[in-house]
Amino acid sequence: MWWGVIAALLANAFISTGFVLEKQALTKLPALTVRRPGAMIGTLIRSPLWAVGCACLALGFAAQMITYGTLPLAAAQGILVSGLVLLLLLSSRILGERLTSREWIGITAILLSLGMIVASLDQEADHVSKSAPTVDFLQIALPSLAAGVWLYVVAEQRRRRRHRAPTTGISYGIAVGFLYGVSSLTIKGLSGLTDTGDLGGTVTRALQSPYPYVLCFTGAAGLVLSQAALQRCRASLIVPVCTTTNSLHAIIAGTIVFNEPLPDDPLRMALRLGGIVLAVSVLLALPRHDPTPEEPQKTAQDVEESPA
C-alpha cells in the first residue's frame with residue numbers, strides 16, 4: 001500500500017512539472033494553430049523543453065496506473081486530486097501566473113467539490129463495472145466528442161473577434177475536458193476486455209470494439225487542442241478546469257454507460273450530487289475574460305496588501 005502512496009505523490013510531481021515545462025516551452029514557440037495540426041506537432045517535437053515536459057506527463061500517467069492498482073479507489077483519487085494544489089504553486093512560482101481573488105475562490109471550490117466526490121466513494125459498497133454495451137457507449141461518446149469540438153470552435157471564433165477581451169481559457173478547458181472524459185470511459189472499457197492470460201484474444205476483442213479508434217481520436221485531438229489552448233491561457237486556470245470537467249464527465253457518463261448505481265447511503269449520495277452541482281456551478285461562474293489594462297482586477301495578494 002505504501003508503494004501506492006509513493007506512486008501517487010510521484011504522479012502529482014511528474015504531472016504538475018510536465019504541464020509547467022510544456023507551458024514554459026509554449027511561450028517561446030511561434031503561435032500554434034489547430035488548423036495546421038501536422039505543423040503544430042512538428043513544432044512541438046522540435047522543442048527539447050516541451051519534449052521533457054511531455055515525458056514527465058507520461059511518467060505521471062504511468063505512476064497513476066500503479067496507484068490505481070495498489071490503493072483503494074477513494075484513497076487514490078484523494079491523493080491525486082491534491083496534485084492541483086502543487087500545480088498552482090508551481091505556476092505561481094515558476095510561470096509567474098497570478099490568479100485573481102475570484103479565481104482563487106473558484107479553484108478552492110473546485111478542490112472542495114472533488115473532495116466531496118472522493119468522500120462519497122466506498123471501495124466495498126460501490127459496484128464497479130468494466131463492460132458496457134457498444135450502443136450505450138457510442139450514444140454517450142459521440143455527442144460528447146461533438147460537444148467538445150463545438151465548444152472549442154466557438155471559443156476560437158470568439159477569440160478572433162476584434163476588440164474582444166483576452167480569454168481566461170475556461171471554454172477551452174471545458175472543451176478539452178469533454179474529450180478527455182470520453183478518453184477515460186474508453187480506457188475503462190478497454191480494461192474490461194483485457195485478459196493477461198489471453199493476449200491474442202484481448203487484441204481481437206479490442207479491435208472489434210470502438211474503444212481503440214475512439215482512443216486514437218481523443219488522444220490526437222486532445223494533444224492538438226490542449227497545447228494550442230495552453231499556449232494562449234494560464235496553466236493555473238485551464239488545467240484545473242479541464243481536470244474537473246474530465247472527472248465530472250467520467251463520473252456522470254460512466255454511471256450511465258457502465259450501469260454503476262448511485263450510492264444507497266443518503267450521506268454519500270448527498271456528497272456526490274452536491275460535489276457535482278458545486279463543480280458545475282463554479283465552472284459556470286468563473287470569469288471568461290482576463291481583465292483589461294483599463295479595468296484591472298485585484299489578486300488575492302492585492303487584497304491582503306490593501307489598507308483597511
# chains A, B, ... in the order shown; residues from 1 in each chain; ligands from 1
call {"tool": "select_by_dssp", "arguments": {"residues": "stretch 23-113 of chain A", "states": "alpha helix (DSSP H)", "output": "PyMOL selection string"}}
result
chain A and resi 23-28+37-45+48-70+73-81+83-90+101-113
call {"tool": "residues_around", "arguments": {"residues": "stretch 148-154 of chain A", "least_positions_apart": "6", "cutoff": "10 Å", "atoms": "only C-alpha atoms", "output": "mmCIF file with C-alpha atoms, in the first residue's frame"}}
result
data_model
loop_
_atom_site.group_PDB
_atom_site.id
_atom_site.type_symbol
_atom_site.label_atom_id
_atom_site.label_comp_id
_atom_site.auth_asym_id
_atom_site.auth_seq_id
_atom_site.Cartn_x
_atom_site.Cartn_y
_atom_site.Cartn_z
ATOM 1 C CA VAL A 34 -5.301 23.954 -34.701
ATOM 2 C CA LEU A 142 -20.149 10.609 -29.924
ATOM 3 C CA SER A 171 -14.157 27.438 -22.518
ATOM 4 C CA TYR A 172 -11.007 25.743 -23.822
ATOM 5 C CA GLY A 173 -10.615 23.789 -20.580
ATOM 6 C CA ILE A 174 -14.221 22.580 -20.658
ATOM 7 C CA ALA A 175 -13.955 21.587 -24.332
ATOM 8 C CA VAL A 176 -10.754 19.571 -23.865
ATOM 9 C CA GLY A 177 -12.185 18.128 -20.641
ATOM 10 C CA PHE A 178 -15.042 16.611 -22.651
ATOM 11 C CA LEU A 179 -12.547 14.861 -24.925
ATOM 12 C CA TYR A 180 -10.506 13.532 -22.020
ATOM 13 C CA GLY A 181 -13.717 12.472 -20.267
ATOM 14 C CA VAL A 182 -14.558 10.258 -23.238
ATOM 15 C CA ALA A 221 -7.377 15.739 -30.905
ATOM 16 C CA GLY A 222 -6.687 16.246 -27.200
ATOM 17 C CA LEU A 225 -6.359 21.290 -28.892
ATOM 18 C CA SER A 226 -4.852 21.266 -25.400
ATOM 19 C CA ALA A 229 -5.088 26.366 -25.537
#
call {"tool": "closest_residue", "arguments": {"among": "A:Trp104, A:Trp3, A:Tyr213, A:Trp50", "to": "A:Val20", "atoms": "only C-alpha atoms"}}
result
A:Trp50
call {"tool": "atom_distance", "arguments": {"atom1": "atom CA of A:Arg272", "atom2": "atom CA of A:Arg102"}}
result
24.5 Å
call {"tool": "closest_residue", "arguments": {"among": "A:Leu84, A:Ala39, A:Val135, A:Leu29", "to": "A:Ile110", "atoms": "only C-alpha atoms"}}
result
A:Leu84
call {"tool": "closest_residue", "arguments": {"among": "A:Gln227, A:Thr202, A:Thr196, A:Asn259", "to": "A:Gln24", "atoms": "only C-alpha atoms"}}
result
A:Gln227
call {"tool": "residues_around", "arguments": {"residues": "A:Gly53", "least_positions_apart": "2", "cutoff": "12 Å", "atoms": "only C-alpha atoms", "output": "number ranges by chain"}}
result
A: 13-26, 44-45, 47-51, 55-60, 227
call {"tool": "closest_residue", "arguments": {"among": "A:Val257, A:Val241, A:Leu138, A:Cys54", "to": "A:Gly106", "atoms": "only C-alpha atoms"}}
result
A:Val241
call {"tool": "closest_residue", "arguments": {"among": "A:Ile256, A:Leu88, A:Ile251, A:Ala228", "to": "A:Leu273", "atoms": "only C-alpha atoms"}}
result
A:Ile251
call {"tool": "residues_around", "arguments": {"residues": "A:Leu271", "least_positions_apart": "4", "cutoff": "7 Å", "atoms": "only C-alpha atoms", "output": "JSON, numbers by chain"}}
result
{"A": [116, 117, 120, 267, 275]}
call {"tool": "write_last_selection", "arguments": {"atoms": "N, CA and C atoms", "output": "PDB file, in the first residue's frame"}}
result
ATOM      1  N   MET A 116     -15.501  16.312  -2.093  1.00  0.00           N
ATOM      2  CA  MET A 116     -16.818  15.773  -1.748  1.00  0.00           C
ATOM      3  C   MET A 116     -17.116  14.506  -2.548  1.00  0.00           C
ATOM      4  N   ILE A 117     -16.758  14.527  -3.829  1.00  0.00           N
ATOM      5  CA  ILE A 117     -16.996  13.353  -4.675  1.00  0.00           C
ATOM      6  C   ILE A 117     -16.151  12.173  -4.203  1.00  0.00           C
ATOM      7  N   SER A 120     -17.505  10.541  -1.202  1.00  0.00           N
ATOM      8  CA  SER A 120     -18.722   9.759  -1.437  1.00  0.00           C
ATOM      9  C   SER A 120     -18.428   8.338  -1.903  1.00  0.00           C
ATOM     10  N   LEU A 267     -25.976  10.038   3.017  1.00  0.00           N
ATOM     11  CA  LEU A 267     -24.873  10.985   3.174  1.00  0.00           C
ATOM     12  C   LEU A 267     -23.949  10.934   1.965  1.00  0.00           C
ATOM     13  N   GLY A 275     -21.238  17.569  -4.705  1.00  0.00           N
ATOM     14  CA  GLY A 275     -19.953  17.871  -5.339  1.00  0.00           C
ATOM     15  C   GLY A 275     -20.101  18.155  -6.818  1.00  0.00           C
TER      16      GLY A 275
END
call {"tool": "atom_distance", "arguments": {"atom1": "atom CA of A:Thr218", "atom2": "atom CA of A:Pro143"}}
result
13.2 Å
call {"tool": "decode", "arguments": {"residues": "stretch 189-237 of chain A", "atoms": "C-alpha atoms", "output": "mmCIF file, in the first residue's frame"}}
result
data_model
loop_
_atom_site.group_PDB
_atom_site.id
_atom_site.type_symbol
_atom_site.label_atom_id
_atom_site.label_comp_id
_atom_site.auth_asym_id
_atom_site.auth_seq_id
_atom_site.Cartn_x
_atom_site.Cartn_y
_atom_site.Cartn_z
ATOM 1 C CA GLY A 189 -13.988 -0.083 -21.428
ATOM 2 C CA LEU A 190 -10.670 -1.420 -22.743
ATOM 3 C CA SER A 191 -9.710 -2.605 -19.268
ATOM 4 C CA GLY A 192 -12.830 -4.741 -19.234
ATOM 5 C CA LEU A 193 -11.690 -6.516 -22.401
ATOM 6 C CA THR A 194 -8.181 -7.181 -21.125
ATOM 7 C CA ASP A 195 -7.162 -10.699 -20.158
ATOM 8 C CA THR A 196 -3.468 -11.062 -19.332
ATOM 9 C CA GLY A 197 -3.751 -14.807 -19.885
ATOM 10 C CA ASP A 198 -5.096 -14.391 -23.427
ATOM 11 C CA LEU A 199 -3.277 -11.512 -25.114
ATOM 12 C CA GLY A 200 -4.319 -12.605 -28.613
ATOM 13 C CA GLY A 201 -7.964 -12.697 -27.645
ATOM 14 C CA THR A 202 -7.600 -9.338 -25.908
ATOM 15 C CA VAL A 203 -6.282 -7.718 -29.093
ATOM 16 C CA THR A 204 -9.053 -9.312 -31.183
ATOM 17 C CA ARG A 205 -11.799 -8.158 -28.802
ATOM 18 C CA ALA A 206 -10.324 -4.672 -28.645
ATOM 19 C CA LEU A 207 -10.132 -4.298 -32.433
ATOM 20 C CA GLN A 208 -13.726 -5.469 -32.749
ATOM 21 C CA SER A 209 -14.845 -2.769 -30.311
ATOM 22 C CA PRO A 210 -14.998 1.017 -30.873
ATOM 23 C CA TYR A 211 -12.607 1.694 -27.976
ATOM 24 C CA PRO A 212 -9.180 1.808 -29.709
ATOM 25 C CA TYR A 213 -10.479 4.005 -32.531
ATOM 26 C CA VAL A 214 -12.154 6.454 -30.162
ATOM 27 C CA LEU A 215 -9.000 6.486 -28.018
ATOM 28 C CA CYS A 216 -6.827 7.336 -31.037
ATOM 29 C CA PHE A 217 -9.124 10.249 -31.876
ATOM 30 C CA THR A 218 -9.272 11.622 -28.334
ATOM 31 C CA GLY A 219 -5.509 11.264 -27.958
ATOM 32 C CA ALA A 220 -4.669 13.078 -31.196
ATOM 33 C CA ALA A 221 -7.377 15.739 -30.905
ATOM 34 C CA GLY A 222 -6.687 16.246 -27.200
ATOM 35 C CA LEU A 223 -2.985 16.823 -27.862
ATOM 36 C CA VAL A 224 -3.567 19.384 -30.624
ATOM 37 C CA LEU A 225 -6.359 21.290 -28.892
ATOM 38 C CA SER A 226 -4.852 21.266 -25.400
ATOM 39 C CA GLN A 227 -1.424 22.545 -26.497
ATOM 40 C CA ALA A 228 -2.898 25.413 -28.508
ATOM 41 C CA ALA A 229 -5.088 26.366 -25.537
ATOM 42 C CA LEU A 230 -2.239 26.026 -23.027
ATOM 43 C CA GLN A 231 -0.076 28.371 -25.111
ATOM 44 C CA ARG A 232 -2.738 31.097 -25.019
ATOM 45 C CA CYS A 233 -4.030 30.731 -21.462
ATOM 46 C CA ARG A 234 -2.801 30.327 -17.901
ATOM 47 C CA ALA A 235 -1.948 26.767 -16.878
ATOM 48 C CA SER A 236 -3.077 27.568 -13.317
ATOM 49 C CA LEU A 237 -6.641 28.030 -14.585
#
